[in-house]
$ cat entry-v1.txt   # compact mmCIF, C-alpha atoms
# COMPACT_ATOMS: atom_id res chain seq x y z
CA MET A 347 -11.97 99.79 -76.74
CA THR A 348 -11.51 100.83 -73.12
CA THR A 349 -10.69 104.12 -71.48
CA THR A 350 -9.44 104.98 -68.04
CA ASP A 351 -9.79 108.74 -67.90
CA PRO A 352 -12.57 111.30 -68.33
CA ILE A 353 -12.78 113.53 -71.38
CA ARG A 354 -14.84 116.58 -72.22
CA ARG A 355 -17.73 115.95 -74.58
CA ASP A 356 -18.26 118.85 -76.93
CA THR A 357 -18.55 119.19 -80.68
CA ALA A 358 -14.94 119.71 -81.78
CA ILE A 359 -13.35 117.22 -79.45
CA ASP A 360 -16.15 114.65 -79.79
CA HIS A 361 -14.91 113.62 -83.22
CA VAL A 362 -11.46 112.80 -81.86
CA SER A 363 -13.00 111.12 -78.82
CA ASP A 364 -15.23 108.98 -81.02
CA LEU A 365 -12.29 107.95 -83.23
CA VAL A 366 -10.24 107.04 -80.18
CA ALA A 367 -13.12 105.00 -78.75
CA ARG A 368 -13.75 103.26 -82.07
CA HIS A 369 -10.19 102.43 -83.10
CA PHE A 370 -7.70 102.96 -80.27
CA ASP A 371 -7.36 103.13 -76.46
CA ARG A 372 -6.22 105.74 -73.96
CA ALA A 373 -4.92 105.68 -70.42
CA ASP A 374 -4.05 108.59 -68.11
CA GLY A 375 -4.64 111.04 -70.93
CA GLU A 376 -2.30 109.22 -73.30
CA LEU A 377 -3.31 107.72 -76.65
CA LEU A 378 -2.55 104.02 -77.00
CA VAL A 379 -2.12 102.22 -80.31
CA GLY A 380 -2.44 98.48 -79.98
CA GLY A 381 -1.72 98.88 -76.28
CA LEU A 382 1.46 100.92 -76.86
CA SER A 383 1.65 104.55 -75.78
CA VAL A 384 2.24 107.15 -78.46
CA SER A 385 4.89 108.80 -76.26
CA ASP A 386 6.88 105.57 -76.13
CA LEU A 387 6.56 105.05 -79.87
CA ALA A 388 7.66 108.62 -80.56
CA ALA A 389 10.63 108.26 -78.20
CA ARG A 390 11.65 104.99 -79.82
CA HIS A 391 11.29 105.99 -83.46
CA GLY A 392 11.57 109.80 -83.39
CA THR A 393 9.20 112.39 -84.80
CA PRO A 394 7.54 113.10 -87.13
CA LEU A 395 6.28 109.63 -87.94
CA PHE A 396 3.28 107.66 -89.18
CA ILE A 397 1.83 104.92 -86.99
CA TYR A 398 -0.59 102.29 -88.31
CA ASP A 399 -2.67 99.91 -86.21
CA GLU A 400 -3.06 96.48 -87.77
CA ARG A 401 -6.04 95.76 -85.55
CA THR A 402 -7.94 98.69 -87.07
CA ILE A 403 -7.03 97.64 -90.60
CA GLY A 404 -8.41 94.21 -89.77
CA HIS A 405 -11.60 95.70 -88.36
CA GLN A 406 -12.19 97.77 -91.51
CA TRP A 407 -11.49 94.78 -93.75
CA GLN A 408 -13.77 92.42 -91.85
CA SER A 409 -16.57 94.99 -91.63
CA LEU A 410 -16.56 95.55 -95.36
CA ARG A 411 -16.17 91.87 -96.20
CA HIS A 412 -19.18 91.09 -93.99
CA ALA A 413 -21.27 93.84 -95.61
CA LEU A 414 -20.58 92.74 -99.18
CA PRO A 415 -22.37 89.73 -100.69
CA ALA A 416 -20.17 86.75 -101.50
CA GLU A 417 -20.38 87.64 -105.19
CA PHE A 418 -18.21 90.72 -104.56
CA ASP A 419 -14.40 90.62 -104.67
CA ILE A 420 -12.36 93.34 -102.97
CA TYR A 421 -9.39 94.87 -104.76
CA TYR A 422 -7.36 97.20 -102.54
CA SER A 423 -6.49 100.51 -104.24
CA VAL A 424 -2.70 100.72 -103.92
CA LYS A 425 -2.61 104.50 -104.32
CA ALA A 426 -4.22 104.94 -100.91
CA ASN A 427 -1.13 103.59 -99.16
CA PRO A 428 1.42 101.52 -101.09
CA ASN A 429 3.51 100.30 -98.15
CA GLN A 430 4.58 96.70 -98.66
CA ALA A 431 3.40 95.60 -95.23
CA ILE A 432 -0.10 96.88 -95.95
CA LEU A 433 -0.22 95.37 -99.43
CA ARG A 434 0.86 92.01 -98.06
CA TYR A 435 -1.79 92.19 -95.35
CA PHE A 436 -4.54 92.36 -97.97
CA VAL A 437 -2.96 89.95 -100.45
CA GLU A 438 -2.67 87.31 -97.71
CA ARG A 439 -6.44 87.59 -97.23
CA GLY A 440 -7.19 86.92 -100.88
CA CYS A 441 -7.60 90.55 -101.87
CA GLY A 442 -6.73 91.74 -105.37
CA LEU A 443 -4.87 94.99 -106.03
CA GLU A 444 -5.89 97.95 -108.20
CA ILE A 445 -2.90 99.86 -109.57
CA ALA A 446 -2.43 103.07 -111.51
CA SER A 447 1.25 103.04 -112.53
CA SER A 448 4.13 100.71 -113.32
CA GLY A 449 5.62 101.58 -109.93
CA GLU A 450 2.47 100.30 -108.27
CA LEU A 451 2.63 97.22 -110.49
CA ARG A 452 6.11 96.46 -109.14
CA GLN A 453 4.88 97.05 -105.60
CA ALA A 454 1.97 94.67 -106.17
CA LEU A 455 4.24 91.95 -107.52
CA ALA A 456 6.72 92.47 -104.69
CA ALA A 457 3.82 91.87 -102.29
CA GLU A 458 3.32 88.52 -104.07
CA CYS A 459 -0.07 89.40 -105.48
CA PRO A 460 -0.94 86.92 -108.25
CA PRO A 461 -0.73 88.85 -111.56
CA GLU A 462 -4.23 87.72 -112.53
CA LYS A 463 -5.54 89.58 -109.45
CA ILE A 464 -4.09 92.91 -110.54
CA PHE A 465 -6.18 95.52 -112.40
CA PHE A 466 -4.51 98.52 -114.03
CA ALA A 467 -6.62 101.71 -114.27
CA GLY A 468 -5.91 105.38 -114.78
CA PRO A 469 -5.53 107.83 -117.66
CA GLY A 470 -2.25 108.48 -119.43
CA LYS A 471 -0.71 105.01 -119.26
CA THR A 472 2.49 105.10 -121.26
CA GLU A 473 3.45 102.52 -123.86
CA THR A 474 6.22 101.32 -121.53
CA GLU A 475 3.75 100.83 -118.67
CA LEU A 476 1.28 98.98 -120.88
CA ALA A 477 4.03 96.74 -122.22
CA GLU A 478 5.14 95.91 -118.68
CA ALA A 479 1.56 95.06 -117.68
CA LEU A 480 1.16 92.80 -120.70
CA ASP A 481 4.47 91.08 -120.04
CA CYS A 482 3.40 90.40 -116.46
CA GLN A 483 0.04 89.13 -117.77
CA ILE A 484 -2.07 90.98 -115.21
CA GLY A 485 -5.79 90.32 -114.88
CA GLU A 486 -7.15 93.37 -116.69
CA ILE A 487 -6.12 96.68 -118.15
CA HIS A 488 -8.91 99.23 -117.81
CA VAL A 489 -9.05 101.22 -121.02
CA GLU A 490 -9.63 104.97 -120.75
CA SER A 491 -9.72 105.95 -124.46
CA LEU A 492 -9.89 104.63 -127.99
CA LEU A 493 -6.24 105.53 -128.55
CA GLU A 494 -5.23 103.55 -125.48
CA ALA A 495 -7.18 100.53 -126.73
CA ARG A 496 -5.37 100.69 -130.06
CA ARG A 497 -2.02 101.07 -128.31
CA ILE A 498 -2.74 97.94 -126.24
CA ALA A 499 -3.80 96.02 -129.34
CA HIS A 500 -0.53 96.93 -131.09
CA LEU A 501 1.55 95.84 -128.11
CA ALA A 502 -0.45 92.62 -127.70
CA SER A 503 -0.05 91.75 -131.38
CA ARG A 504 3.73 91.96 -131.01
CA ARG A 505 3.46 89.48 -128.13
CA GLN A 506 0.97 87.26 -129.97
CA CYS A 507 -1.19 87.16 -126.85
CA ALA A 508 -4.63 88.76 -126.48
CA ALA A 509 -4.94 91.41 -123.78
CA GLN A 510 -7.85 91.23 -121.36
CA ILE A 511 -9.37 94.68 -121.04
CA ALA A 512 -12.32 96.37 -119.37
CA LEU A 513 -13.77 99.62 -120.60
CA ARG A 514 -13.88 102.43 -118.07
CA VAL A 515 -17.00 104.46 -118.73
CA ASN A 516 -17.74 108.05 -117.73
CA PRO A 517 -21.53 107.88 -117.26
CA SER A 518 -23.97 110.47 -118.48
CA GLY A 519 -26.61 112.06 -116.28
CA ASP A 520 -26.47 112.81 -112.58
CA VAL A 521 -24.55 109.83 -111.26
CA GLU A 522 -22.28 111.62 -108.85
CA GLY A 523 -21.59 112.22 -105.20
CA GLY A 524 -18.86 112.19 -102.61
CA GLY A 525 -16.01 114.54 -101.87
CA MET A 526 -14.55 114.53 -105.38
CA ARG A 527 -16.42 113.90 -108.62
CA MET A 528 -14.54 111.83 -111.19
CA GLY A 529 -17.30 111.27 -113.73
CA GLY A 530 -20.62 112.51 -115.07
CA ARG A 531 -18.97 115.62 -116.52
CA PRO A 532 -16.08 116.43 -118.88
CA THR A 533 -13.21 114.40 -117.45
CA PRO A 534 -9.92 112.76 -118.41
CA PHE A 535 -11.21 109.53 -116.84
CA GLY A 536 -12.78 106.87 -119.00
CA ILE A 537 -14.84 106.81 -122.18
CA ASP A 538 -17.92 109.03 -122.23
CA GLU A 539 -21.05 106.91 -122.16
CA ASP A 540 -22.40 108.56 -125.29
CA GLN A 541 -19.24 107.45 -127.15
CA LEU A 542 -19.29 103.90 -125.85
CA ASP A 543 -21.07 102.27 -128.81
CA ALA A 544 -18.75 103.93 -131.31
CA VAL A 545 -15.64 102.86 -129.40
CA VAL A 546 -16.87 99.28 -129.09
CA GLU A 547 -17.62 99.13 -132.81
CA LYS A 548 -14.04 100.19 -133.55
CA ILE A 549 -12.32 97.68 -131.27
CA ALA A 550 -14.72 94.75 -130.77
CA GLY A 551 -13.34 92.90 -133.79
CA GLU A 552 -9.73 93.48 -132.83
CA ARG A 553 -8.02 90.09 -132.65
CA TRP A 554 -5.66 91.03 -129.83
CA LEU A 555 -8.21 92.62 -127.53
CA ASP A 556 -10.57 90.64 -125.32
CA ILE A 557 -13.20 92.95 -123.81
CA VAL A 558 -14.17 91.17 -120.62
CA GLY A 559 -15.70 93.85 -118.42
CA VAL A 560 -16.74 97.36 -117.56
CA HIS A 561 -15.41 99.79 -114.93
CA LEU A 562 -17.26 102.73 -113.40
CA PHE A 563 -15.75 105.16 -110.89
CA VAL A 564 -17.41 108.54 -110.62
CA GLY A 565 -16.74 109.77 -107.10
CA THR A 566 -14.70 109.39 -103.96
CA GLN A 567 -15.13 109.92 -100.22
CA ILE A 568 -18.78 108.84 -100.36
CA LEU A 569 -20.58 108.54 -97.02
CA ASP A 570 -24.14 108.20 -98.33
CA VAL A 571 -25.17 104.62 -99.10
CA GLU A 572 -27.85 105.77 -101.54
CA VAL A 573 -25.21 107.55 -103.62
CA LEU A 574 -23.14 104.37 -103.75
CA LEU A 575 -26.12 102.25 -104.73
CA ALA A 576 -27.12 104.74 -107.43
CA GLN A 577 -23.63 104.45 -108.90
CA TYR A 578 -23.76 100.66 -108.73
CA ARG A 579 -27.10 100.69 -110.55
CA ALA A 580 -25.60 102.95 -113.22
CA ALA A 581 -22.76 100.45 -113.65
CA LEU A 582 -25.31 97.67 -114.03
CA ARG A 583 -27.15 99.62 -116.71
CA ILE A 584 -23.93 100.27 -118.64
CA ALA A 585 -22.80 96.65 -118.21
CA ARG A 586 -26.04 95.43 -119.79
CA ARG A 587 -25.54 97.82 -122.67
CA LEU A 588 -21.96 96.69 -123.23
CA ALA A 589 -22.85 93.00 -123.07
CA ALA A 590 -25.60 93.55 -125.63
CA LYS A 591 -23.23 95.43 -127.91
CA LEU A 592 -20.61 92.69 -127.65
CA ASN A 593 -23.26 89.96 -127.87
CA LYS A 594 -21.53 88.01 -125.09
CA PRO A 595 -21.66 87.84 -121.28
CA LEU A 596 -19.28 89.98 -119.24
CA LYS A 597 -16.72 88.46 -116.89
CA THR A 598 -16.24 91.46 -114.57
CA ILE A 599 -18.13 94.53 -113.40
CA ASP A 600 -15.91 96.93 -111.47
CA PHE A 601 -17.91 99.43 -109.41
CA GLY A 602 -14.81 101.38 -108.40
CA GLY A 603 -14.07 102.57 -104.90
CA GLY A 604 -15.28 105.76 -103.29
CA LEU A 605 -16.22 104.40 -99.85
CA GLY A 606 -15.56 107.25 -97.44
CA VAL A 607 -14.51 107.81 -93.84
CA PRO A 608 -15.53 110.71 -91.57
CA TYR A 609 -12.75 113.29 -91.56
CA PHE A 610 -14.77 116.15 -90.14
CA ALA A 611 -17.00 116.55 -87.09
CA HIS A 612 -20.29 116.81 -89.04
CA GLU A 613 -19.67 113.60 -91.01
CA GLN A 614 -21.08 110.17 -90.17
CA CYS A 615 -19.61 106.76 -90.89
CA LEU A 616 -20.84 104.89 -93.94
CA ASP A 617 -23.80 102.74 -92.89
CA LEU A 618 -22.61 99.25 -93.82
CA GLU A 619 -25.83 97.60 -92.67
CA ARG A 620 -27.84 99.68 -95.15
CA LEU A 621 -25.26 98.94 -97.83
CA GLN A 622 -25.56 95.22 -97.16
CA LEU A 623 -29.35 95.39 -97.39
CA GLY A 624 -29.27 97.38 -100.62
CA LEU A 625 -26.76 95.05 -102.24
CA THR A 626 -28.82 91.95 -101.44
CA ASP A 627 -31.61 93.15 -103.73
CA PHE A 628 -29.05 94.43 -106.22
CA VAL A 629 -27.33 91.05 -106.57
CA ARG A 630 -30.67 89.28 -106.92
CA GLU A 631 -31.52 91.54 -109.86
CA LEU A 632 -28.11 91.08 -111.46
CA ARG A 633 -28.20 87.30 -111.20
CA SER A 634 -31.47 87.22 -113.11
CA ASP A 635 -29.69 88.62 -116.19
CA PRO A 636 -28.05 85.88 -118.33
CA ALA A 637 -25.50 88.35 -119.73
CA LEU A 638 -24.29 89.38 -116.27
CA ARG A 639 -25.07 86.55 -113.86
CA ALA A 640 -21.59 84.97 -114.15
CA ALA A 641 -19.69 88.25 -113.82
CA ARG A 642 -17.33 88.82 -110.91
CA LEU A 643 -18.35 91.96 -109.03
CA ILE A 644 -15.47 94.17 -107.96
CA VAL A 645 -15.08 97.03 -105.52
CA GLU A 646 -11.72 98.74 -105.11
CA PRO A 647 -11.61 100.63 -101.80
CA GLY A 648 -8.44 102.16 -100.40
CA ARG A 649 -9.25 104.99 -98.04
CA PHE A 650 -11.99 103.06 -96.24
CA LEU A 651 -9.67 100.17 -95.43
CA VAL A 652 -6.62 102.04 -94.15
CA ALA A 653 -7.38 105.69 -93.32
CA PRO A 654 -8.78 105.05 -89.80
CA ALA A 655 -5.75 102.92 -88.89
CA GLY A 656 -3.23 105.72 -89.42
CA LEU A 657 -1.91 108.53 -87.22
CA TYR A 658 0.53 111.25 -88.13
CA ILE A 659 2.52 112.31 -85.06
CA ALA A 660 4.59 115.50 -84.83
CA ARG A 661 6.27 117.04 -81.80
CA VAL A 662 5.78 120.63 -80.65
CA VAL A 663 9.08 122.50 -81.00
CA ASP A 664 7.90 126.06 -80.32
CA VAL A 665 4.89 128.03 -79.12
CA LYS A 666 4.72 131.71 -80.02
CA LEU A 667 2.45 134.71 -80.16
CA SER A 668 2.22 137.00 -83.17
CA ARG A 669 -0.06 140.02 -82.97
CA GLY A 670 -2.39 138.29 -80.58
CA LYS A 671 -2.52 134.90 -82.39
CA LYS A 672 -0.90 131.83 -80.87
CA PHE A 673 1.03 129.44 -83.11
CA VAL A 674 2.00 125.91 -82.12
CA ILE A 675 4.96 124.95 -84.29
CA THR A 676 5.74 121.28 -84.92
CA ASP A 677 8.58 119.34 -86.50
CA GLY A 678 6.23 117.96 -89.18
CA GLY A 679 3.82 119.50 -91.65
CA MET A 680 2.39 119.60 -95.15
CA HIS A 681 5.46 117.99 -96.74
CA HIS A 682 4.39 114.79 -94.97
CA HIS A 683 0.62 115.29 -94.85
CA LEU A 684 -0.58 117.54 -97.64
CA ALA A 685 -4.20 116.51 -97.16
CA ALA A 686 -4.30 117.67 -93.54
CA SER A 687 -2.99 121.07 -94.60
CA GLY A 688 -6.02 121.50 -96.87
CA ASN A 689 -3.90 121.67 -100.02
CA LEU A 690 -5.11 118.39 -101.52
CA GLY A 691 -8.56 119.01 -102.94
CA GLN A 692 -10.09 121.28 -100.27
CA THR A 693 -11.56 124.56 -101.48
CA ILE A 694 -11.95 125.85 -97.94
CA LYS A 695 -9.51 124.64 -95.30
CA ARG A 696 -11.20 122.33 -92.78
CA ASN A 697 -9.31 120.73 -89.93
CA PHE A 698 -8.73 117.00 -89.84
CA PRO A 699 -9.37 115.45 -86.42
CA VAL A 700 -6.35 116.70 -84.46
CA ALA A 701 -5.44 116.41 -80.78
CA ILE A 702 -2.57 116.70 -78.34
CA VAL A 703 -2.36 112.95 -77.93
CA ASN A 704 -0.49 113.04 -74.62
CA LYS A 705 -3.15 115.35 -73.12
CA LEU A 706 -6.44 113.73 -74.12
CA ASN A 707 -7.84 114.24 -70.60
CA ARG A 708 -7.09 117.97 -70.43
CA PRO A 709 -9.80 120.58 -71.09
CA ARG A 710 -9.48 122.81 -74.12
CA SER A 711 -8.24 126.20 -73.00
CA GLU A 712 -6.88 128.04 -76.03
CA THR A 713 -7.42 128.60 -79.73
CA VAL A 714 -4.30 128.13 -81.84
CA ASP A 715 -2.98 127.47 -85.32
CA ILE A 716 -0.82 124.35 -85.63
CA VAL A 717 1.87 124.97 -88.22
CA GLY A 718 4.80 123.02 -89.55
CA PRO A 719 8.46 123.97 -90.04
CA LEU A 720 8.32 124.84 -93.74
CA CYS A 721 9.01 128.26 -95.20
CA THR A 722 5.51 128.74 -96.59
CA PRO A 723 2.23 130.03 -95.12
CA LEU A 724 0.55 126.95 -96.64
CA ASP A 725 2.13 124.74 -93.98
CA VAL A 726 -0.84 124.68 -91.58
CA LEU A 727 -1.97 121.39 -90.04
CA ALA A 728 -4.91 122.97 -88.19
CA ARG A 729 -6.33 126.49 -88.14
CA ALA A 730 -8.17 128.13 -85.22
CA ILE A 731 -8.43 124.86 -83.34
CA GLU A 732 -9.29 124.68 -79.65
CA LEU A 733 -6.81 122.57 -77.66
CA PRO A 734 -5.44 122.17 -74.17
CA SER A 735 -2.49 124.45 -73.44
CA ALA A 736 0.35 123.23 -75.67
CA GLU A 737 3.94 123.03 -74.52
CA VAL A 738 7.24 122.24 -76.20
CA GLY A 739 7.58 118.46 -76.29
CA ASP A 740 3.86 117.71 -76.60
CA LEU A 741 2.75 115.36 -79.36
CA ILE A 742 0.25 116.49 -82.00
CA GLY A 743 -1.69 113.64 -83.58
CA VAL A 744 -3.58 113.84 -86.88
CA PHE A 745 -6.16 111.05 -87.09
CA GLN A 746 -7.56 109.38 -90.25
CA SER A 747 -4.03 109.47 -91.70
CA GLY A 748 -3.64 105.95 -93.05
CA ALA A 749 -4.56 106.91 -96.64
CA TYR A 750 -3.51 109.69 -99.01
CA ALA A 751 -1.22 111.19 -96.37
CA ARG A 752 2.46 110.37 -96.75
CA THR A 753 1.94 108.91 -100.22
CA ALA A 754 0.20 112.07 -101.50
CA SER A 755 2.63 114.64 -100.08
CA PRO A 756 5.63 116.62 -101.41
CA LEU A 757 8.22 114.69 -99.42
CA GLY A 758 11.14 116.35 -101.16
CA PHE A 759 10.17 119.92 -100.25
CA LEU A 760 13.06 121.71 -98.48
CA SER A 761 15.01 118.42 -98.60
CA ARG A 762 13.77 117.39 -95.17
CA GLN A 763 13.86 113.77 -94.13
CA SER A 764 10.85 111.65 -94.97
CA PRO A 765 8.99 110.23 -91.97
CA PRO A 766 9.18 106.56 -91.03
CA GLU A 767 6.13 104.32 -90.97
CA ILE A 768 5.52 102.08 -87.98
CA LEU A 769 3.07 99.17 -87.85
CA VAL A 770 1.71 98.04 -84.49
CA GLU A 771 0.61 94.43 -84.58
CA ARG A 772 -0.24 92.15 -81.67
CA GLY A 773 1.24 94.57 -79.16
CA ARG A 774 4.54 95.03 -80.96
CA ASP A 775 5.84 97.79 -83.19
CA ARG A 776 8.04 97.43 -86.24
CA VAL A 777 9.45 99.79 -88.83
CA ILE A 778 7.84 99.18 -92.20
CA ARG A 779 9.51 102.14 -93.90
CA ARG A 780 12.61 103.79 -92.55
CA ARG A 781 13.24 107.48 -92.08
CA GLY A 782 15.20 108.93 -94.98
CA THR A 783 15.87 111.72 -97.41
CA ASP A 784 13.99 112.31 -100.63
CA ASP A 785 16.63 110.30 -102.48
CA ASP A 786 15.83 107.05 -100.68
CA CYS A 787 12.29 107.54 -99.39
CA PHE A 788 11.00 105.01 -101.94
CA ALA A 789 13.86 102.58 -101.47
CA ASP A 790 11.50 99.76 -100.53
CA GLN A 791 9.91 99.76 -103.99
CA LEU A 792 11.53 96.54 -105.15
CA GLU A 793 12.45 95.93 -108.76
CA ILE A 794 10.56 93.00 -110.27
CA ASP A 795 11.50 91.40 -113.59
CA CYS A 796 8.44 90.68 -115.70
CA ALA A 797 9.01 88.13 -118.43
CA PRO A 798 6.39 86.82 -120.84
CA THR A 799 4.99 83.46 -119.76
CA ALA A 800 2.38 81.21 -121.31
CA ARG A 801 -1.17 81.64 -120.04
$ encode --input "entry-v1.txt" --output "structure tokens"
Amino acid sequence: MTTTDPIRRDTAIDHVSDLVARHFDRADGELLVGGLSVSDLAARHGTPLFIYDERTIGHQWQSLRHALPAEFDIYYSVKANPNQAILRYFVERGCGLEIASSGELRQALAAECPPEKIFFAGPGKTETELAEALDCQIGEIHVESLLEARRIAHLASRRQCAAQIALRVNPSGDVEGGGMRMGGRPTPFGIDEDQLDAVVEKIAGERWLDIVGVHLFVGTQILDVEVLLAQYRAALRIARRLAAKLNKPLKTIDFGGGLGVPYFAHEQCLDLERLQLGLTDFVRELRSDPALRAARLIVEPGRFLVAPAGLYIARVVDVKLSRGKKFVITDGGMHHHLAASGNLGQTIKRNFPVAIVNKLNRPRSETVDIVGPLCTPLDVLARAIELPSAEVGDLIGVFQSGAYARTASPLGFLSRQSPPEILVERGRDRVIRRRGTDDDCFADQLEIDCAPTAR
């Protein structure tokens, strides 16, 4: 990426500067996305809005694909960002999709993902959701409990068609890491490793269940390659155990997702070169095992692929002082970007990379809180952040907003309009989700009829 203006290099602003240099461009102090100025995009589409850069999505995809051995398949995690344009981008490149609801199943099918390349994970799947997945004959249902396995068997028997399942396992020991632990402790996710043998004994002989694989996912937002490799080795150990118990080779080993991106100034990007090196030895070991050598190896990233491509843009509508503290008030906030407000998993509020994106060449001159328009003190996009002097009409940009931003936010709060999503591709911008109210903000989730078909 190129730049045409100077910028101060200090700790807080360096993170934004590095993200701009890595993924975007700037000219005369203005952020450019795919060569288009943010000011022009905001004027054309209104604020607040989300902007995604297809070029950055492509860079993330190619970087990961290059780092992974050929034996690995990538399944995009739909929950990260379920927009149809993004799903289609990955499907067109041969990517599978990992879903966690019937709504995501419909989105996956609408994106023309082959049903056999859809995996369904997540606790609390309803009987209706499981029936829909079976009728669509998706690739695998990842079983989270004995009861769920029995429920699937009952539904499959009524359809006279065996269901392909993988067992999601919550490992024992200290296999953990990342920003959010999802295994290795009491959890609603998966079957505890110490219960695995008993569960297999109860369902292995079930006529309508075909246990084809194992799924491990014990953490998210992982930036340490050694943590990832430790989790992959744990999955390998459990896969061997399951194959031995079933007395047959496995067809799939799903290592989950968890690949992180640097949200905060002290964080470093995941070292893909080290990951590639570690996986080379890993695959060599796996291929020496007759019970596992034919298995497809799966990773299911979401955040890593799309977070860096996304920006949340809000316009400054007021600047005020209250008892010596300056507040910059914007037309967008936590109802669109709950994660940036710190109310999605953060114990202590830490600021996402935030900047005045039409003043990237200005020195920081004041410490402010950036707050949204909602009637709650929780609506804070950034706290005690140093910025150039903000004025009404300036544009606040929240970086790393391509994943778990709009899709993980309370869009209906105060009945405000939901923000549009804009995709910039090859120097052109297009609306990939329109602005709307809460009633129609998911209007692009197309209805798909799933009818039983012969395998």
$ residues_around --input "entry-v1.txt" --residues "Ile659 of chain A" --least-positions-apart "2" --cutoff "7 Å" --atoms "only C-alpha atoms" --output "PyMOL selection string"
chain A and resi 393-396+657+661+741-744
$ residues_around --input "entry-v1.txt" --residues "Asn593 of chain A" --least-positions-apart "4" --cutoff "12 Å" --atoms "all atoms listed in the file" --output "list in words"
Val546, Glu547, Ala550, Gly551, Ile557, Val558, Ala585, Arg586, Arg587, Leu588, Ala589, Pro636, Ala637 and Leu638 of chain A
$ atom_distance --input "entry-v1.txt" --atom1 "atom CA of Val564 of chain A" --atom2 "atom CA of Leu542 of chain A"
16.0 Å
$ closest_residue --input "entry-v1.txt" --among "A:Arg639, A:His682, A:Lys597, A:Ser409" --to "Leu760 of chain A" --atoms "only C-alpha atoms"
A:His682
$ residues_around --input "entry-v1.txt" --residues "Ser747 of chain A" --least-positions-apart "3" --cutoff "8 Å" --atoms "all atoms listed in the file" --output "PyMOL selection string"
chain A and resi 396+653-658+744+750-751
$ closest_residue --input "entry-v1.txt" --among "A:Ile511, A:Asp419, A:Val663, A:Arg696" --to "Glu737 of chain A" --atoms "all atoms listed in the file"
A:Val663
$ residues_around --input "entry-v1.txt" --residues "Glu473 of chain A" --least-positions-apart "4" --cutoff "10 Å" --atoms "all atoms listed in the file" --output "VMD selection string"
chain A and resid 477 to 479 494 497 to 498 500 to 501
$ build_atoms --input "entry-v1.txt" --residues "segment 493-503 of chain A" --atoms "N, CA, C and O atoms" --output "PDB file, in the coordinates of the input"
ATOM      1  N   LEU A 493      -7.659 105.580-128.226  1.00  0.00           N
ATOM      2  CA  LEU A 493      -6.240 105.530-128.550  1.00  0.00           C
ATOM      3  C   LEU A 493      -5.521 104.518-127.658  1.00  0.00           C
ATOM      4  O   LEU A 493      -4.665 103.750-128.125  1.00  0.00           O
ATOM      5  N   GLU A 494      -5.870 104.499-126.376  1.00  0.00           N
ATOM      6  CA  GLU A 494      -5.230 103.550-125.480  1.00  0.00           C
ATOM      7  C   GLU A 494      -5.558 102.124-125.886  1.00  0.00           C
ATOM      8  O   GLU A 494      -4.692 101.244-125.849  1.00  0.00           O
ATOM      9  N   ALA A 495      -6.799 101.871-126.276  1.00  0.00           N
ATOM     10  CA  ALA A 495      -7.180 100.530-126.730  1.00  0.00           C
ATOM     11  C   ALA A 495      -6.342 100.101-127.926  1.00  0.00           C
ATOM     12  O   ALA A 495      -5.858  98.959-127.998  1.00  0.00           O
ATOM     13  N   ARG A 496      -6.170 101.018-128.868  1.00  0.00           N
ATOM     14  CA  ARG A 496      -5.370 100.690-130.060  1.00  0.00           C
ATOM     15  C   ARG A 496      -3.906 100.473-129.712  1.00  0.00           C
ATOM     16  O   ARG A 496      -3.234  99.614-130.282  1.00  0.00           O
ATOM     17  N   ARG A 497      -3.413 101.234-128.746  1.00  0.00           N
ATOM     18  CA  ARG A 497      -2.020 101.070-128.310  1.00  0.00           C
ATOM     19  C   ARG A 497      -1.840  99.691-127.672  1.00  0.00           C
ATOM     20  O   ARG A 497      -0.851  99.001-127.928  1.00  0.00           O
ATOM     21  N   ILE A 498      -2.814  99.268-126.862  1.00  0.00           N
ATOM     22  CA  ILE A 498      -2.740  97.940-126.240  1.00  0.00           C
ATOM     23  C   ILE A 498      -2.793  96.851-127.297  1.00  0.00           C
ATOM     24  O   ILE A 498      -2.045  95.864-127.240  1.00  0.00           O
ATOM     25  N   ALA A 499      -3.678  97.019-128.272  1.00  0.00           N
ATOM     26  CA  ALA A 499      -3.800  96.020-129.340  1.00  0.00           C
ATOM     27  C   ALA A 499      -2.482  95.868-130.092  1.00  0.00           C
ATOM     28  O   ALA A 499      -2.057  94.739-130.418  1.00  0.00           O
ATOM     29  N   HIS A 500      -1.821  96.978-130.381  1.00  0.00           N
ATOM     30  CA  HIS A 500      -0.530  96.930-131.090  1.00  0.00           C
ATOM     31  C   HIS A 500       0.507  96.187-130.261  1.00  0.00           C
ATOM     32  O   HIS A 500       1.229  95.310-130.778  1.00  0.00           O
ATOM     33  N   LEU A 501       0.576  96.500-128.968  1.00  0.00           N
ATOM     34  CA  LEU A 501       1.550  95.840-128.110  1.00  0.00           C
ATOM     35  C   LEU A 501       1.237  94.361-127.948  1.00  0.00           C
ATOM     36  O   LEU A 501       2.142  93.514-127.930  1.00  0.00           O
ATOM     37  N   ALA A 502      -0.061  94.020-127.843  1.00  0.00           N
ATOM     38  CA  ALA A 502      -0.450  92.620-127.700  1.00  0.00           C
ATOM     39  C   ALA A 502      -0.150  91.822-128.957  1.00  0.00           C
ATOM     40  O   ALA A 502       0.250  90.653-128.885  1.00  0.00           O
ATOM     41  N   SER A 503      -0.324  92.454-130.122  1.00  0.00           N
ATOM     42  CA  SER A 503      -0.050  91.750-131.380  1.00  0.00           C
ATOM     43  C   SER A 503       1.430  91.385-131.486  1.00  0.00           C
ATOM     44  O   SER A 503       1.772  90.318-132.004  1.00  0.00           O
TER      45      SER A 503
END
